[in-house]
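**Q** The structure that follows is given in the form of structure tokens.
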Amino acid sequence: MAAKRKLGRPPPAAAPAAPKAKAKANEDDGEGLFSSRSFADLGLHPTLCAHLQDKMGFQGPTRIQAQAIPVAMSGQHLLVKAATGTGKTLAYLAPIVHLLQMREPRVERTHGTFALVIVPTRELCLQVYGITQQLVHRFHWLVPGYVMGGESRSKEKARLRKGISILIATPGRLLDHLQHTSSFVYSNLRWIVFDEADSILELGFGKAVEDILGLLGSRTDASDENKSKTDPMQRQNLLLSATLNEKVNRLANISLKNPVMIGLDEQKKPSERSRALGKKHTSLLSDDEEDIPDKHNNIVEPAVDDFKLPAQLVQRYVKVSCGSRLAVLLTILKSQFERQVSQKVVVFMSTCDAVDFHHTVLSQLEWSRGLALDTDKKQKFLGCKVFRLHGNMDQEDRKKSYLGFSSEKSAILVCTDVAARGLDIPKVRCIIQYDSPGEASEYVHRVGRTARIGEKGEALLFLQPVELDYLKDLELHGVSLTEYPFQKVLDGFPVNGEKPLKRKPISLDMHPWILSVQRTLENYVASEATTNKLARDAFCSWLRAYTAHRGELKKIFMVKKLHLGHVARSFGLKEQPSLVGRSHQVQLKKRKKEQKREGQGPTKRRKFPTKK
Ligand SMILES: Nc1ncnc2c1ncn2[C@@H]1O[C@H](COP(=O)(O)OP(=O)(O)OP(=O)(O)O)[C@@H](O)[C@H]1O
């Protein structure tokens, strides 16, 4: 997978060529994670190389870094597609820091922002900011900073007024500052980086990104008079993504000019790629948008993207009937933590309400050891710490959860897809997708939270028997899963305090262990009023999310194939679903009435897909 130069432009005078890197380009065509070159070989400043090695513990560049860093230093626009956890962040930050630290006259705060890194989520914003802080450690005159939703605008304004050389931002808040913070100086802006470009667009930031590019005068499809008037320097845009789709292609089309492409399918000639996609779009809004003819670029991948996943990642699925889903989840988690006390597991759910409910169950459910019914002594079903993360939590709680889970040696994180994008949490051993992801690209992002930078990792996808066709959808993208031996796990658990010697094969739903866990669960949900309410809310939101699957996936995840009584069971509810639904409606009406009385408008109804 060599760096491919398209219509190469001469590098700008200030940017050093990277002769050594060029000479050794072929060494990075192999399959290994790391390159045989050193950071110094790539042309990075000795102080930065020493810092990377001695302080950050990076002995040498990964293959993707060895390919991307010299190109980024040459001043060309760059499009990188590489598997999750292969070191894309350093691939763009190292060259930026390298070029900024050698800039003459020296960068000062009053010069404002030189590099802008746009990321999809707040957690990723903090993460990239943290790495930037480490990278500029030896170059004190370079000031990193961040702006993101949920933070105080006025504090951010004050920081922008002082000057931030490398700014990490989420799209909405960045747009806000571009429009309303007059003291934000970006006339020296040299780099715009889109990290996790696919996620930025999937989260619906397409319009914000278009506006940002417009305001910065960095749209390659803008007429010449609308192009940047503020920036006499050459602008260089970099776009990085673990998956490619039509929207990323469009973003590339409007933001990159004659980019060097790394990690794209090079067997396909541009003309074939164009045909694979049909018409060429340049709007990020929707597939139906009117097309603007593109004069500059021709960056496209096939419509069906073949995903690259870490080779060492073990991917499996477990087939579970709807009613036993939660009992099975609890059993698998218990078995994982009994096998290995110290480990970290991330469990993905489809909605914020589902996260809240399951977080409560996983952290609070108690049982009598061995599920012996006559024992009074109760203890936690799962002994480890459980954290939660979703987009409806307030910013402080989100930060606490993210940092808490990151620093624990042994814990579970229950989350929505807000945690799927780019988060680099150390030592995550297993990813459980309790609710299926939507698009296959989402699958890739979720499982990408484990098996990072060559480490071991497992991924487990929950599927109901009627949903097994989802496996075929994944196979279309080159992702294949094997079945998880759940029966074996089950046989290892005692019932009534004893492990039976030999059991006749018995269906999962009728298995005494599963029945006992289910009973414990239902009793708990029935006896705790708050948990009961959480269960009802989660049930309703889960159903709505299930109906919101798009396109082809609607044929696999068909709500009419669901038995609502079984869905209720999977939330530990004994009630008939219609009752649950009705009581939820009654509550909603009550809440609306109360709000009317207090003179507020009704709370905004959540659009689907649900907030992540
Ligand atoms: N050269 C290197 N040597 C060792 N570790 C590295 C190197 N570069 C990056 N890492 C580490 O690898 C991990 C993954 O890096 P990073 O988060 O940049 O990956 P990514 O490709 O952006 O993943 P994703 O697509 O999921 O965002 C991080 O913990 C980072 O510190």
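Going by the structure tokens order, chains are called A, B, ..., each with residues numbered from 1, while ligands are numbered from 1 in the order shown.
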Can you list every residue of chain A that has an atom at most 6 Å from ligand 1, with its nearest atom pair and the distance in Å to one decimal, using only C-alpha atoms and all ligand atoms, ordered by chain then number, as a tab-separated table?

**A**
```
residue	atom	partner	partner_atom_place_in_ligand_line	distance
A:Phe58	CA	ligand 1	3 (N)	4.0
A:Gln59	CA	ligand 1	3 (N)	5.9
A:Gly60	CA	ligand 1	1 (N)	5.1
A:Pro61	CA	ligand 1	1 (N)	3.8
A:Thr62	CA	ligand 1	1 (N)	4.8
A:Thr84	CA	ligand 1	25 (O)	3.4
A:Gly85	CA	ligand 1	23 (O)	3.5
A:Thr86	CA	ligand 1	21 (O)	3.9
A:Gly87	CA	ligand 1	18 (O)	3.4
A:Lys88	CA	ligand 1	21 (O)	3.9
A:Thr89	CA	ligand 1	18 (O)	3.7
A:Leu90	CA	ligand 1	18 (O)	5.7
A:Ala242	CA	ligand 1	25 (O)	5.2
A:Gly422	CA	ligand 1	27 (O)	3.2
A:Asp424	CA	ligand 1	17 (O)	5.0
A:Gly448	CA	ligand 1	26 (O)	5.4
A:Arg452	CA	ligand 1	14 (C)	5.8
A:Ile453	CA	ligand 1	12 (O)	4.8
```

**Q** Which neighbours of Gly457 of chain A fall inside 12 Å, counting only C-alpha atoms, when residues of the same chain fewer than 4 positions from it are skipped, and could you give them as a PyMOL selection string?

**A** chain A and resi 85+309-316+343-346+426-432+447-453

**Q** Suppose you want the space between atom CA of Gly478 of chain A and atom CA of Gln65 of chain A; what is it in Å?

**A**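 Distance between the two atoms: 24.3 Å.
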
**Q** Based on the backbone DSSP call, show me all residues of segment 154-240 of chain A assigned alpha helix (DSSP H), as a VMD selection string.

**A** chain A and resid 154 to 162 171 to 180 197 to 202 206 to 215

**Q** Residues at most 12 Å from segment 146-162 of chain A, counting only C-alpha atoms, excluding those fewer than 3 positions away in the same chain, as a PyMOL selection string?

**A** chain A and resi 108-113+115-133+143+165-186+391-399

**Q** Atom CA of Glu483 of chain A to atom CA of Leu521 of chain A: how many Å, to one decimal?

**A**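 Interatomic distance, atom CA of Glu483 of chain A to atom CA of Leu521 of chain A: 26.1 Å.
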
**Q** What are the closest atom pairs, with distances in Å to one decimal, for each residue of segment 88-122 of chain A lying within 12 Å of segment 32-48 of chain A, using only C-alpha atoms, rows by chain and rising residue number, as a Markdown table?

**A**
```
| residue | atom | partner | partner_atom | distance |
| --- | --- | --- | --- | --- |
| A:Leu90 | CA | A:Phe39 | CA | 11.2 |
| A:Ala91 | CA | A:Phe39 | CA | 11.0 |
| A:Leu93 | CA | A:Leu48 | CA | 11.3 |
| A:Ala94 | CA | A:Leu44 | CA | 7.8 |
| A:Pro95 | CA | A:Leu44 | CA | 7.2 |
| A:Ile96 | CA | A:Leu44 | CA | 10.2 |
| A:Val97 | CA | A:Leu48 | CA | 8.4 |
| A:His98 | CA | A:His45 | CA | 6.2 |
| A:Leu99 | CA | A:Leu44 | CA | 8.8 |
| A:Leu100 | CA | A:His45 | CA | 10.9 |
| A:Gln101 | CA | A:His45 | CA | 8.9 |
| A:Met102 | CA | A:His45 | CA | 8.6 |
```

**Q** Put those residues in a file: N, CA and C atoms, as a compact mmCIF listing (two decimals), in the first residue's frame.

**A**
```txt
# COMPACT_ATOMS: atom_id res chain seq x y z
N LEU A 90 -0.93 10.61 15.27
CA LEU A 90 0.45 11.08 15.17
C LEU A 90 0.83 11.34 13.71
N ALA A 91 0.19 10.63 12.80
CA ALA A 91 0.52 10.78 11.38
C ALA A 91 0.28 12.20 10.89
N LEU A 93 -0.30 14.92 13.41
CA LEU A 93 0.18 15.88 14.40
C LEU A 93 1.70 16.06 14.35
N ALA A 94 2.43 14.96 14.13
CA ALA A 94 3.90 15.07 14.14
C ALA A 94 4.39 16.03 13.05
N PRO A 95 3.92 15.90 11.80
CA PRO A 95 4.40 16.86 10.80
C PRO A 95 3.98 18.29 11.08
N ILE A 96 2.80 18.47 11.65
CA ILE A 96 2.36 19.84 11.96
C ILE A 96 3.28 20.45 13.01
N VAL A 97 3.54 19.69 14.08
CA VAL A 97 4.42 20.21 15.14
C VAL A 97 5.82 20.45 14.58
N HIS A 98 6.28 19.51 13.78
CA HIS A 98 7.62 19.66 13.18
C HIS A 98 7.72 20.96 12.40
N LEU A 99 6.76 21.20 11.51
CA LEU A 99 6.82 22.38 10.65
C LEU A 99 6.60 23.68 11.43
N LEU A 100 5.73 23.60 12.44
CA LEU A 100 5.45 24.82 13.21
C LEU A 100 6.64 25.23 14.08
N GLN A 101 7.32 24.23 14.67
CA GLN A 101 8.41 24.59 15.59
C GLN A 101 9.58 25.21 14.83
N MET A 102 9.71 24.90 13.51
CA MET A 102 10.86 25.46 12.80
C MET A 102 10.49 26.75 12.06
```

**Q** Atom CA of Val444 of chain A and atom CA of Ile192 of chain A, how far apart in Å?

**A**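 Value for the atom CA of Ile192 of chain A-atom CA of Val444 of chain A distance: 25.0 Å.
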